[in-house]
$ cat final-v9.tsv   # TSV, C-alpha atoms and all ligand atoms
chain	number	residue	atom	x	y	z
A	126	MET	CA	-5.67	-19.46	21.65
A	127	THR	CA	-6.22	-15.98	20.28
A	128	ASN	CA	-5.76	-14.11	23.57
A	129	GLU	CA	-2.32	-15.58	23.71
A	130	TYR	CA	-1.40	-13.47	20.68
A	131	ASN	CA	-1.41	-10.24	22.71
A	132	VAL	CA	-1.92	-8.44	19.44
A	133	ALA	CA	-4.15	-5.71	20.91
A	134	GLU	CA	-1.71	-4.99	23.73
A	135	ARG	CA	1.09	-4.67	21.18
A	136	LEU	CA	-0.88	-2.31	18.94
A	137	MET	CA	-1.86	-0.09	21.89
A	138	ARG	CA	1.83	0.28	22.81
A	139	TYR	CA	3.21	0.74	19.29
A	140	VAL	CA	0.73	3.44	18.25
A	141	GLN	CA	1.86	5.62	21.17
A	142	ILE	CA	5.29	5.88	19.56
A	143	ASP	CA	5.22	8.74	17.04
A	144	THR	CA	6.60	7.52	13.69
A	145	THR	CA	5.15	10.10	11.28
A	146	ALA	CA	7.06	10.12	8.00
A	147	ASN	CA	8.38	13.46	6.74
A	148	PRO	CA	8.04	13.99	2.97
A	149	GLU	CA	10.22	17.15	3.14
A	150	SER	CA	13.28	15.23	4.30
A	151	ASP	CA	15.73	13.35	2.03
A	152	THR	CA	17.17	11.19	4.82
A	153	THR	CA	16.26	7.52	5.39
A	154	PRO	CA	14.31	7.14	7.54
A	155	SER	CA	12.73	10.50	6.71
A	156	SER	CA	12.17	11.15	10.44
A	157	SER	CA	14.67	9.77	12.96
A	158	LYS	CA	11.83	9.11	15.43
A	159	GLN	CA	10.92	6.06	13.35
A	160	PHE	CA	13.98	4.46	14.97
A	161	ASN	CA	12.17	4.60	18.33
A	162	LEU	CA	9.74	1.93	17.17
A	163	SER	CA	12.27	0.00	15.06
A	164	ASN	CA	14.63	-0.25	18.06
A	165	LEU	CA	11.80	-1.36	20.35
A	166	LEU	CA	10.79	-4.09	17.89
A	167	VAL	CA	14.37	-5.38	17.78
A	168	LYS	CA	14.49	-5.42	21.59
A	169	GLU	CA	11.23	-7.36	21.77
A	170	LEU	CA	12.39	-9.81	19.10
A	171	HIS	CA	15.59	-10.35	21.15
A	172	GLU	CA	13.45	-11.01	24.24
A	173	MET	CA	11.59	-13.67	22.22
A	174	GLY	CA	14.95	-15.32	21.58
A	175	ILE	CA	15.38	-14.11	17.98
A	176	ALA	CA	18.98	-12.98	18.50
A	177	ASN	CA	19.68	-12.10	14.85
A	178	ALA	CA	17.09	-9.28	14.83
A	179	HIS	CA	18.67	-5.93	14.06
A	180	VAL	CA	17.95	-2.50	12.65
A	181	ASP	CA	20.20	-1.09	9.92
A	182	GLU	CA	21.37	2.50	9.44
A	183	TYR	CA	18.23	3.28	7.35
A	184	GLY	CA	15.77	2.07	9.96
A	185	TYR	CA	14.93	-1.29	8.34
A	186	VAL	CA	14.40	-4.14	10.80
A	187	TYR	CA	15.51	-7.60	9.64
A	188	ALA	CA	14.96	-10.80	11.60
A	189	GLU	CA	14.98	-14.50	10.87
A	190	ILE	CA	13.23	-17.40	12.54
A	191	PRO	CA	15.17	-20.54	11.55
A	192	SER	CA	13.44	-23.45	9.87
A	193	ASN	CA	12.38	-26.36	12.09
A	194	SER	CA	11.62	-28.61	9.11
A	195	ASP	CA	13.81	-31.23	7.40
A	196	LYS	CA	12.35	-30.22	4.06
A	197	ASN	CA	13.72	-27.60	1.70
A	198	VAL	CA	10.97	-25.01	2.20
A	199	PRO	CA	10.92	-21.66	0.32
A	200	VAL	CA	11.91	-18.76	2.59
A	201	VAL	CA	8.78	-16.74	3.42
A	202	CYS	CA	9.05	-13.06	4.38
A	203	PHE	CA	6.41	-11.07	6.27
A	204	CYS	CA	6.62	-7.33	5.81
A	205	SER	CA	4.95	-4.23	7.22
A	206	HIS	CA	5.84	-0.57	7.71
A	207	VAL	CA	6.56	1.30	10.94
A	208	ASP	CA	5.85	4.86	9.70
A	209	THR	CA	2.48	6.61	9.66
A	210	ALA	CA	1.03	9.00	7.08
A	211	PRO	CA	1.97	12.70	7.34
A	212	ASP	CA	-1.62	13.67	6.31
A	213	CYS	CA	-2.82	13.49	9.92
A	214	SER	CA	-1.02	14.01	13.24
A	215	GLY	CA	0.60	10.94	14.77
A	216	THR	CA	1.92	12.75	17.86
A	217	ASP	CA	0.57	11.77	21.32
A	218	VAL	CA	-1.76	9.07	20.02
A	219	LYS	CA	-4.04	7.90	22.86
A	220	PRO	CA	-5.52	4.57	21.82
A	221	ILE	CA	-8.89	3.58	23.26
A	222	LEU	CA	-10.13	-0.01	23.44
A	223	HIS	CA	-13.92	-0.28	23.04
A	224	LYS	CA	-14.50	-3.77	24.40
A	225	ALA	CA	-17.34	-5.81	22.85
A	226	TRP	CA	-18.52	-2.76	20.93
A	227	ASN	CA	-22.33	-2.60	20.80
A	228	GLY	CA	-22.73	-0.81	17.47
A	229	ASN	CA	-23.49	2.67	18.87
A	230	ASP	CA	-21.69	5.74	17.50
A	231	ILE	CA	-18.18	6.07	18.90
A	232	VAL	CA	-17.66	9.68	20.00
A	233	LEU	CA	-13.97	10.39	20.50
A	234	PRO	CA	-13.36	12.17	23.84
A	235	ASP	CA	-10.60	14.62	22.89
A	236	ASP	CA	-12.68	16.06	20.02
A	237	THR	CA	-16.34	15.12	20.26
A	238	SER	CA	-16.94	16.31	16.68
A	239	VAL	CA	-15.09	13.18	15.59
A	240	VAL	CA	-17.69	10.41	15.53
A	241	ILE	CA	-17.22	6.93	14.11
A	242	SER	CA	-20.56	5.52	13.00
A	243	ILE	CA	-21.87	2.56	11.03
A	244	ASN	CA	-23.53	5.03	8.65
A	245	GLU	CA	-20.22	6.38	7.48
A	246	HIS	CA	-18.27	3.15	7.93
A	247	PRO	CA	-20.52	0.32	6.72
A	248	TYR	CA	-17.81	-2.29	7.37
A	249	LEU	CA	-18.33	-1.68	11.11
A	250	LYS	CA	-21.72	-3.34	10.84
A	251	GLN	CA	-19.92	-6.66	10.48
A	252	ARG	CA	-17.76	-5.86	13.51
A	253	ILE	CA	-20.48	-5.37	16.16
A	254	GLY	CA	-19.42	-7.34	19.24
A	255	ASP	CA	-15.72	-7.06	18.37
A	256	ASP	CA	-13.22	-5.12	20.46
A	257	ILE	CA	-12.58	-1.94	18.47
A	258	ILE	CA	-9.51	0.24	18.94
A	259	THR	CA	-9.69	3.93	17.99
A	260	ALA	CA	-7.64	7.06	18.63
A	261	SER	CA	-9.00	9.77	20.93
A	262	GLY	CA	-9.99	12.48	18.42
A	263	LYS	CA	-6.87	14.58	17.86
A	264	THR	CA	-4.71	12.16	15.87
A	265	LEU	CA	-4.81	9.22	13.52
A	266	LEU	CA	-4.60	5.82	15.20
A	267	GLY	CA	-1.69	4.40	13.21
A	268	ALA	CA	-3.18	0.93	12.74
A	269	ASP	CA	-1.82	1.57	9.22
A	270	ASP	CA	0.49	-0.16	9.57
A	271	LYS	CA	1.12	-0.88	13.24
A	272	ALA	CA	-1.67	-3.45	12.99
A	273	GLY	CA	0.56	-5.21	10.45
A	274	VAL	CA	3.59	-4.81	12.73
A	275	SER	CA	1.64	-6.20	15.71
A	276	ILE	CA	0.36	-9.18	13.70
A	277	ILE	CA	3.88	-10.08	12.57
A	278	MET	CA	5.27	-9.68	16.11
A	279	SER	CA	2.51	-11.94	17.44
A	280	LEU	CA	3.25	-14.46	14.68
A	281	ALA	CA	6.95	-14.43	15.60
A	282	ASN	CA	6.19	-14.95	19.27
A	283	TYR	CA	3.78	-17.78	18.45
A	284	LEU	CA	6.27	-19.59	16.25
A	285	VAL	CA	9.10	-19.44	18.79
A	286	THR	CA	6.83	-20.65	21.61
A	287	HIS	CA	5.08	-23.39	19.56
A	288	THR	CA	7.89	-25.45	18.11
A	289	GLU	CA	5.36	-28.15	17.15
A	290	VAL	CA	4.26	-25.81	14.33
A	291	LYS	CA	6.42	-26.84	11.37
A	292	HIS	CA	7.75	-24.12	9.10
A	293	GLY	CA	10.66	-23.22	6.85
A	294	THR	CA	12.89	-20.19	7.37
A	295	ILE	CA	10.77	-17.14	8.18
A	296	LYS	CA	12.04	-13.63	7.51
A	297	ILE	CA	10.65	-10.49	9.08
A	298	LEU	CA	11.04	-7.08	7.45
A	299	PHE	CA	9.82	-3.80	8.95
A	300	THR	CA	10.33	-0.82	6.63
A	301	PRO	CA	10.28	2.95	7.21
A	302	ASP	CA	8.69	5.61	4.96
A	303	GLU	CA	6.12	3.52	3.09
A	304	GLU	CA	3.64	6.39	3.37
A	305	ILE	CA	5.86	8.71	1.36
A	306	GLY	CA	6.53	6.12	-1.34
A	307	ARG	CA	10.06	5.19	-0.27
A	308	GLY	CA	9.36	2.07	1.75
A	309	VAL	CA	11.43	-0.31	-0.33
A	310	ASP	CA	14.07	2.11	-1.66
A	311	LYS	CA	16.79	0.81	0.65
A	312	VAL	CA	15.78	-2.81	1.19
A	313	ASP	CA	18.82	-5.06	0.97
A	314	MET	CA	17.31	-7.90	-1.10
A	315	LYS	CA	20.52	-9.97	-0.81
A	316	LYS	CA	20.49	-9.79	2.94
A	317	LEU	CA	16.75	-10.46	3.05
A	318	ALA	CA	17.29	-13.59	0.92
A	319	ALA	CA	13.61	-14.55	0.83
A	320	ASP	CA	11.79	-16.46	-1.93
A	321	VAL	CA	8.27	-15.19	-1.40
A	322	GLY	CA	6.73	-12.39	0.64
A	323	TYR	CA	3.49	-11.12	2.11
A	324	THR	CA	2.83	-7.56	3.19
A	325	LEU	CA	0.40	-7.14	6.07
A	326	ASP	CA	-1.17	-3.79	5.20
A	327	GLY	CA	-4.66	-4.56	3.90
A	328	GLY	CA	-8.07	-3.58	5.28
A	329	GLU	CA	-11.17	-5.74	5.62
A	330	ARG	CA	-11.06	-9.24	7.09
A	331	GLY	CA	-10.77	-11.79	4.30
A	332	SER	CA	-9.41	-9.40	1.67
A	333	LEU	CA	-6.35	-10.53	-0.27
A	334	GLU	CA	-4.77	-8.13	-2.74
A	335	GLY	CA	-2.76	-9.63	-5.59
A	336	GLU	CA	-3.21	-7.03	-8.31
A	337	ASN	CA	-2.50	-3.37	-8.67
A	338	PHE	CA	-2.44	-0.82	-11.46
A	339	SER	CA	0.27	-0.73	-14.08
A	340	ALA	CA	1.31	2.87	-14.42
A	341	ASP	CA	3.02	5.21	-16.85
A	342	ALA	CA	3.50	8.96	-16.81
A	343	CYS	CA	2.98	10.77	-20.09
A	344	THR	CA	3.83	14.34	-21.12
A	345	VAL	CA	2.17	15.95	-24.15
A	346	THR	CA	3.83	19.18	-25.29
A	347	PHE	CA	2.54	21.60	-27.93
A	348	TYR	CA	4.77	24.15	-29.64
A	349	GLY	CA	3.38	27.38	-31.09
A	350	ILE	CA	4.84	30.33	-32.99
A	351	SER	CA	5.35	33.66	-31.24
A	352	ALA	CA	4.91	37.09	-32.75
A	353	HIS	CA	4.28	40.65	-31.56
A	354	PRO	CA	0.58	40.55	-30.64
A	355	GLY	CA	-0.05	43.82	-32.49
A	356	TYR	CA	1.32	42.43	-35.75
A	357	ALA	CA	0.56	38.73	-35.32
A	358	LYS	CA	-2.08	38.30	-37.98
A	359	GLY	CA	-1.37	35.20	-40.03
A	360	LYS	CA	1.80	34.50	-38.02
A	361	MET	CA	1.09	33.67	-34.40
A	362	VAL	CA	0.16	30.16	-33.25
A	363	ASN	CA	-0.70	30.05	-29.53
A	364	ALA	CA	0.42	26.78	-27.94
A	365	GLN	CA	-1.97	27.35	-25.01
A	366	LYS	CA	-4.94	27.31	-27.37
A	367	VAL	CA	-3.76	24.08	-28.98
A	368	LEU	CA	-3.41	22.55	-25.52
A	369	ALA	CA	-6.88	23.76	-24.49
A	370	TYR	CA	-8.36	22.24	-27.66
A	371	PHE	CA	-6.56	18.99	-26.90
A	372	ILE	CA	-7.67	18.88	-23.24
A	373	ASN	CA	-11.22	19.56	-24.36
A	374	SER	CA	-11.09	16.60	-26.73
A	375	LEU	CA	-10.25	14.10	-23.96
A	376	PRO	CA	-12.95	11.54	-23.17
A	377	SER	CA	-15.18	12.87	-20.40
A	378	ASN	CA	-17.49	9.93	-19.73
A	379	HIS	CA	-14.96	7.11	-19.72
A	380	LEU	CA	-11.21	6.64	-19.09
A	381	CYS	CA	-11.31	9.25	-16.27
A	382	PRO	CA	-10.67	8.66	-12.55
A	383	GLU	CA	-14.04	10.26	-11.81
A	384	THR	CA	-15.96	7.84	-14.06
A	385	THR	CA	-14.11	4.54	-13.54
A	386	GLU	CA	-13.84	1.82	-10.89
A	387	GLY	CA	-12.95	-1.85	-10.55
A	388	TYR	CA	-10.79	-3.00	-13.44
A	389	GLN	CA	-11.29	0.11	-15.59
A	390	GLY	CA	-8.23	2.16	-16.44
A	391	PHE	CA	-7.87	5.87	-17.14
A	392	VAL	CA	-5.84	8.70	-18.65
A	393	HIS	CA	-5.69	11.59	-16.20
A	394	PRO	CA	-4.19	15.04	-16.71
A	395	VAL	CA	-2.59	15.97	-13.37
A	396	GLN	CA	-1.01	19.28	-14.40
A	397	ILE	CA	-0.97	21.75	-17.27
A	398	GLN	CA	1.45	24.60	-17.72
A	399	GLY	CA	2.77	26.77	-20.48
A	400	GLY	CA	2.74	29.97	-22.48
A	401	LEU	CA	2.49	31.14	-26.04
A	402	GLU	CA	5.38	29.16	-27.47
A	403	GLN	CA	5.06	25.97	-25.49
A	404	ALA	CA	2.32	24.34	-23.40
A	405	THR	CA	2.45	20.99	-21.66
A	406	ALA	CA	0.00	18.57	-20.06
A	407	THR	CA	1.30	15.89	-17.70
A	408	PHE	CA	-0.77	12.70	-17.49
A	409	ILE	CA	-0.84	9.61	-15.37
A	410	ILE	CA	-1.93	6.52	-17.33
A	411	ARG	CA	-3.37	3.58	-15.40
A	412	ASP	CA	-4.66	0.13	-16.31
A	413	PHE	CA	-4.52	-3.39	-14.89
A	414	GLU	CA	-3.31	-4.70	-18.24
A	415	THR	CA	0.10	-3.29	-19.00
A	416	ALA	CA	-0.47	-3.73	-22.76
A	417	ARG	CA	-3.43	-1.39	-22.60
A	418	LEU	CA	-1.25	1.46	-21.36
A	419	LYS	CA	0.04	1.60	-24.95
A	420	ASP	CA	-3.54	1.90	-26.27
A	421	HIS	CA	-4.22	4.79	-23.91
A	422	GLU	CA	-0.99	6.49	-24.95
A	423	GLN	CA	-1.94	6.01	-28.62
A	424	LEU	CA	-5.26	7.68	-27.91
A	425	LEU	CA	-3.45	10.71	-26.45
A	426	THR	CA	-1.15	10.82	-29.48
A	427	ASN	CA	-4.11	10.69	-31.88
A	428	LEU	CA	-5.93	13.49	-30.05
A	429	ALA	CA	-2.74	15.58	-29.93
A	430	GLU	CA	-2.35	15.09	-33.67
A	431	GLN	CA	-5.91	16.26	-34.29
A	432	ALA	CA	-5.37	19.32	-32.10
A	433	ALA	CA	-2.14	20.24	-33.85
A	434	ALA	CA	-3.84	19.76	-37.27
A	435	HIS	CA	-6.52	22.23	-36.17
A	436	PHE	CA	-3.84	24.91	-35.60
A	437	PRO	CA	-1.59	24.90	-38.70
A	438	GLY	CA	2.01	25.69	-37.82
A	439	SER	CA	1.84	24.05	-34.39
A	440	ARG	CA	3.76	20.91	-33.48
A	441	PHE	CA	3.59	18.42	-30.62
A	442	ASP	CA	5.48	15.60	-29.00
A	443	VAL	CA	4.54	12.85	-26.55
A	444	GLN	CA	6.95	11.44	-23.94
A	445	VAL	CA	6.16	8.30	-21.94
A	446	LYS	CA	7.88	7.20	-18.74
A	447	ALA	CA	7.20	3.82	-17.12
A	448	GLN	CA	6.26	4.11	-13.42
A	449	TYR	CA	5.24	0.76	-11.91
A	450	ARG	CA	3.60	-2.50	-12.97
A	451	ASN	CA	0.85	-4.85	-11.87
A	452	MET	CA	2.30	-7.38	-9.41
A	453	LYS	CA	-0.04	-9.99	-10.92
A	454	GLU	CA	2.46	-10.34	-13.77
A	455	VAL	CA	4.98	-11.63	-11.21
A	456	LEU	CA	2.49	-13.55	-9.05
A	457	ASP	CA	1.18	-15.44	-12.10
A	458	GLN	CA	4.69	-16.84	-12.57
A	459	HIS	CA	4.67	-18.05	-8.94
A	460	PRO	CA	1.10	-19.35	-8.57
A	461	MET	CA	1.76	-20.97	-5.18
A	462	VAL	CA	2.12	-17.57	-3.54
A	463	MET	CA	-1.57	-16.77	-3.99
A	464	GLN	CA	-2.74	-20.41	-3.85
A	465	ASN	CA	-1.14	-20.95	-0.45
A	466	ALA	CA	-2.54	-17.68	0.84
A	467	ILE	CA	-6.03	-18.68	-0.30
A	468	LYS	CA	-5.64	-22.06	1.45
A	469	ALA	CA	-4.48	-20.32	4.63
A	470	TYR	CA	-7.53	-18.02	4.63
A	471	GLU	CA	-9.82	-21.04	4.17
A	472	ARG	CA	-8.14	-22.99	6.97
A	473	ALA	CA	-8.57	-19.96	9.22
A	474	GLY	CA	-12.29	-20.11	8.45
A	475	LEU	CA	-12.40	-17.21	6.00
A	476	THR	CA	-13.68	-16.90	2.46
A	477	PRO	CA	-10.88	-15.06	0.66
A	478	HIS	CA	-12.05	-11.98	-1.12
A	479	ILE	CA	-9.48	-11.29	-3.82
A	480	THR	CA	-9.37	-7.62	-4.65
A	481	ASN	CA	-7.32	-5.26	-6.75
A	482	ILE	CA	-5.59	-2.08	-5.69
A	483	ARG	CA	-6.28	1.00	-7.82
A	484	GLY	CA	-2.80	2.32	-7.10
A	485	GLY	CA	0.72	1.07	-6.45
A	486	THR	CA	2.04	-0.71	-3.37
A	487	ASP	CA	5.34	-1.62	-1.77
A	488	GLY	CA	4.39	-5.24	-2.39
A	489	ALA	CA	4.18	-4.47	-6.10
A	490	ARG	CA	7.64	-2.96	-6.06
A	491	LEU	CA	9.02	-5.88	-4.02
A	492	SER	CA	7.43	-8.27	-6.53
A	493	PHE	CA	9.41	-6.70	-9.36
A	494	MET	CA	12.54	-6.69	-7.19
A	495	GLY	CA	12.28	-10.49	-7.09
A	496	LEU	CA	10.04	-11.09	-4.08
A	497	PRO	CA	6.49	-11.98	-5.20
A	498	CYS	CA	4.46	-10.23	-2.52
A	499	PRO	CA	0.64	-9.96	-2.26
A	500	ASN	CA	-1.07	-8.06	0.54
A	501	ILE	CA	-2.93	-9.66	3.47
A	502	PHE	CA	-5.63	-7.89	5.54
A	503	THR	CA	-4.95	-6.46	9.00
A	504	GLY	CA	-8.33	-4.89	9.83
A	505	GLU	CA	-6.96	-1.33	9.57
A	506	MET	CA	-9.80	0.90	8.36
A	507	ALA	CA	-10.45	4.63	7.69
A	508	ILE	CA	-6.70	5.01	7.51
A	509	HIS	CA	-4.88	8.36	7.46
A	510	SER	CA	-7.71	9.95	9.45
A	511	LYS	CA	-8.88	10.69	13.00
A	512	GLN	CA	-11.65	8.15	12.44
A	513	GLU	CA	-9.17	5.34	11.89
A	514	TYR	CA	-10.10	2.12	13.69
A	515	VAL	CA	-9.19	-1.53	13.86
A	516	SER	CA	-10.96	-4.63	15.19
A	517	VAL	CA	-8.87	-6.75	17.58
A	518	GLN	CA	-10.58	-9.87	16.27
A	519	ASP	CA	-9.61	-8.95	12.69
A	520	MET	CA	-5.96	-8.68	13.76
A	521	GLU	CA	-6.21	-12.02	15.56
A	522	LYS	CA	-7.69	-13.59	12.41
A	523	ALA	CA	-4.74	-12.26	10.44
A	524	VAL	CA	-2.35	-13.94	12.90
A	525	ASP	CA	-4.32	-17.20	12.43
A	526	VAL	CA	-3.91	-16.82	8.65
A	527	CYS	CA	-0.14	-16.30	8.94
A	528	ILE	CA	0.27	-19.32	11.24
A	529	GLU	CA	-1.64	-21.47	8.73
A	530	LEU	CA	0.33	-19.98	5.85
A	531	VAL	CA	3.80	-20.91	7.15
A	532	GLN	CA	2.59	-24.48	7.74
A	533	ILE	CA	1.05	-24.75	4.26
A	534	TRP	CA	4.37	-23.71	2.72
A	535	GLU	CA	6.07	-26.45	4.72
A	536	GLU	CA	3.47	-29.11	3.92
A	537	THR	CA	3.36	-28.44	0.18
A	538	GLN	CA	7.07	-29.10	-0.30
B	1	ZN	ZN	0.03	1.12	5.07
$ encode --input "final-v9.tsv" --output "structure tokens" --more "lines below"
Ligand SMILES: [Zn+2]
Amino acid sequence: MTNEYNVAERLMRYVQIDTTANPESDTTPSSSKQFNLSNLLVKELHEMGIANAHVDEYGYVYAEIPSNSDKNVPVVCFCSHVDTAPDCSGTDVKPILHKAWNGNDIVLPDDTSVVISINEHPYLKQRIGDDIITASGKTLLGADDKAGVSIIMSLANYLVTHTEVKHGTIKILFTPDEEIGRGVDKVDMKKLAADVGYTLDGGERGSLEGENFSADACTVTFYGISAHPGYAKGKMVNAQKVLAYFINSLPSNHLCPETTEGYQGFVHPVQIQGGLEQATATFIIRDFETARLKDHEQLLTNLAEQAAAHFPGSRFDVQVKAQYRNMKEVLDQHPMVMQNAIKAYERAGLTPHITNIRGGTDGARLSFMGLPCPNIFTGEMAIHSKQEYVSVQDMEKAVDVCIELVQIWEETQ
């Protein structure tokens, strides 16, 4: 059944279309070449008989597969992104299929210094015998997220050719510019009209991501007192020295990106700037529990207070700006979204491995825009690099999961 998916053939074609996002541009999509893939996807959806598929002026592809069930089934959306990361070239990608890979180092022909080995990529050990797709050494592969695109296209084709598979209304959404943080900026949620969603943009087979950081930005500013340096005795207060004292008082063995993992949060100075009269540190604050962001911000306030007290005459203020929130807060209100995904993994023969994302995702933003949206694996690995690879069998497994998932939503109504 899996060969029928054609998912490898799709990926090999889609990655040859350059869709690199451009962070310097303010247009949507940020690079007009992203339309080349979006337009092709619409054409292929039309060929499958999905006549409503279309791309809008911003490069978003919308399509709907009508329900074939008598029941009132929640509308399920599958979402992935067509752009690739600007960190690594996506021009003239030459995909290579390593059939039934034997576990030996993969030396990429266009730059033999690029070697993909089990040593550096331990996940590959589990993939010996799979068909592995790589780039050729000069570019990224673009499995992030054309693996997701291919999986959704294969799902669509399967559903329209297997009408015995019962499902509610299925929506398909392909977005531009995810890699530059704008993937959901121009989604028309009204038009999408979906109840629940799943992004296909995860890595290892079996992984299911339903949590991400909650995030604030925080600015701590110190104010000093200026004076002529030759006659400053007893008058001058140097804001830079207050800031340095403050930075030095930050925890160094916990609450830092470099000392935390898993569910641990952090306070992280990303930039400092200033002069004699005013000096500022900008922080990002991260935790999986939104309430704990407040604790971290209180810690910064307490340390700033101590620093200012050490330099009489100085003052400080702390500004907090909310950035994004843990999608788990939304998913917990819609428990079936994760429950049905877990069931689908199990029916596809997988043990779901529920993981958290130490960052933000488009699915998180969609969740807070009203579409609860965890992230399903695609097999894309070593993303944003020349060593990027994907297992064909992982992609096929993801199609299996999606086919099970649409049926579970139908059955549980
Ligand atoms: Zn991605």
$ closest_atom_pairs --input "final-v9.tsv" --of "chain A" --to "ligand ZN 1 (chain B)" --cutoff "6 Å" --atoms "all atoms listed in the file" --output "Markdown table"
| residue | atom | partner | partner_atom | distance |
| --- | --- | --- | --- | --- |
| A:Asp269 | CA | B:ZN1 | ZN | 4.6 |
| A:Asp270 | CA | B:ZN1 | ZN | 4.7 |
| A:Asp326 | CA | B:ZN1 | ZN | 5.1 |
$ residues_around --input "final-v9.tsv" --residues "Glu471 in chain A" --least-positions-apart "2" --cutoff "12 Å" --atoms "all atoms listed in the file" --output "PDB file with C-alpha atoms, keeping the file's coordinate frame"
ATOM      1  CA  GLY A 331     -10.770 -11.790   4.300  1.00  0.00           C
ATOM      2  CA  SER A 332      -9.410  -9.400   1.670  1.00  0.00           C
ATOM      3  CA  LEU A 333      -6.350 -10.530  -0.270  1.00  0.00           C
ATOM      4  CA  GLN A 464      -2.740 -20.410  -3.850  1.00  0.00           C
ATOM      5  CA  ASN A 465      -1.140 -20.950  -0.450  1.00  0.00           C
ATOM      6  CA  ALA A 466      -2.540 -17.680   0.840  1.00  0.00           C
ATOM      7  CA  ILE A 467      -6.030 -18.680  -0.300  1.00  0.00           C
ATOM      8  CA  LYS A 468      -5.640 -22.060   1.450  1.00  0.00           C
ATOM      9  CA  ALA A 469      -4.480 -20.320   4.630  1.00  0.00           C
ATOM     10  CA  ALA A 473      -8.570 -19.960   9.220  1.00  0.00           C
ATOM     11  CA  GLY A 474     -12.290 -20.110   8.450  1.00  0.00           C
ATOM     12  CA  LEU A 475     -12.400 -17.210   6.000  1.00  0.00           C
ATOM     13  CA  THR A 476     -13.680 -16.900   2.460  1.00  0.00           C
ATOM     14  CA  PRO A 477     -10.880 -15.060   0.660  1.00  0.00           C
ATOM     15  CA  HIS A 478     -12.050 -11.980  -1.120  1.00  0.00           C
ATOM     16  CA  LYS A 522      -7.690 -13.590  12.410  1.00  0.00           C
ATOM     17  CA  ALA A 523      -4.740 -12.260  10.440  1.00  0.00           C
ATOM     18  CA  ASP A 525      -4.320 -17.200  12.430  1.00  0.00           C
ATOM     19  CA  VAL A 526      -3.910 -16.820   8.650  1.00  0.00           C
ATOM     20  CA  CYS A 527      -0.140 -16.300   8.940  1.00  0.00           C
ATOM     21  CA  GLU A 529      -1.640 -21.470   8.730  1.00  0.00           C
ATOM     22  CA  LEU A 530       0.330 -19.980   5.850  1.00  0.00           C
ATOM     23  CA  ILE A 533       1.050 -24.750   4.260  1.00  0.00           C
TER      24      ILE A 533
END
$ atom_distance --input "final-v9.tsv" --atom1 "CA of Pro154 in chain A" --atom2 "CA of Cys213 in chain A"
18.4 Å
$ closest_residue --input "final-v9.tsv" --among "A:Ile190, A:Met463, A:Ala489, A:Met506" --to "Leu298 in chain A" --atoms "only C-alpha atoms"
A:Ile190
$ closest_residue --input "final-v9.tsv" --among "A:His292, A:Arg483, A:His435, A:His353" --to "Ile410 in chain A" --atoms "all atoms listed in the file"
A:Arg483
$ residues_around --input "final-v9.tsv" --residues "Ile295 in chain A" --least-positions-apart "6" --cutoff "12 Å" --atoms "all atoms listed in the file" --output "VMD selection string"
chain A and resid 175 187 to 194 198 to 204 277 280 to 281 284 to 285 317 to 323 527 to 528 530 to 532 534 to 535
$ atom_distance --input "final-v9.tsv" --atom1 "CA of Ala178 in chain A" --atom2 "CA of Thr216 in chain A"
26.9 Å
$ residues_near_point --input "final-v9.tsv" --point "(3.0, -6.5, -6.1)" --cutoff "7 Å" --atoms "only C-alpha atoms" --output "PDB file with C-alpha atoms, in the coordinates of the input"
ATOM      1  CA  GLY A 335      -2.760  -9.630  -5.590  1.00  0.00           C
ATOM      2  CA  GLU A 336      -3.210  -7.030  -8.310  1.00  0.00           C
ATOM      3  CA  ASN A 337      -2.500  -3.370  -8.670  1.00  0.00           C
ATOM      4  CA  ASN A 451       0.850  -4.850 -11.870  1.00  0.00           C
ATOM      5  CA  MET A 452       2.300  -7.380  -9.410  1.00  0.00           C
ATOM      6  CA  LYS A 453      -0.040  -9.990 -10.920  1.00  0.00           C
ATOM      7  CA  THR A 486       2.040  -0.710  -3.370  1.00  0.00           C
ATOM      8  CA  ASP A 487       5.340  -1.620  -1.770  1.00  0.00           C
ATOM      9  CA  GLY A 488       4.390  -5.240  -2.390  1.00  0.00           C
ATOM     10  CA  ALA A 489       4.180  -4.470  -6.100  1.00  0.00           C
ATOM     11  CA  ARG A 490       7.640  -2.960  -6.060  1.00  0.00           C
ATOM     12  CA  LEU A 491       9.020  -5.880  -4.020  1.00  0.00           C
ATOM     13  CA  SER A 492       7.430  -8.270  -6.530  1.00  0.00           C
ATOM     14  CA  PRO A 497       6.490 -11.980  -5.200  1.00  0.00           C
ATOM     15  CA  CYS A 498       4.460 -10.230  -2.520  1.00  0.00           C
ATOM     16  CA  PRO A 499       0.640  -9.960  -2.260  1.00  0.00           C
TER      17      PRO A 499
END
$ closest_residue --input "final-v9.tsv" --among "A:Pro247, A:Pro234, A:Pro301, A:Gly327" --to "Ser261 in chain A" --atoms "all atoms listed in the file"
A:Pro234
$ residues_near_point --input "final-v9.tsv" --point "(16.9, -5.1, 7.0)" --cutoff "8 Å" --atoms "only C-alpha atoms" --output "PyMOL selection string"
chain A and resi 179-181+184-188+298-300+312-313+316-317
$ residues_around --input "final-v9.tsv" --residues "Tyr248 in chain A" --least-positions-apart "4" --cutoff "8 Å" --atoms "only C-alpha atoms" --output "list in words"
Ile243, Arg252 and Glu329 of chain A
$ closest_residue --input "final-v9.tsv" --among "A:Ile241, A:Leu418, A:Val290, A:Ala406" --to "Phe338 in chain A" --atoms "only C-alpha atoms"
A:Leu418
$ atom_distance --input "final-v9.tsv" --atom1 "CA of Phe391 in chain A" --atom2 "CA of Gln444 in chain A"
17.2 Å
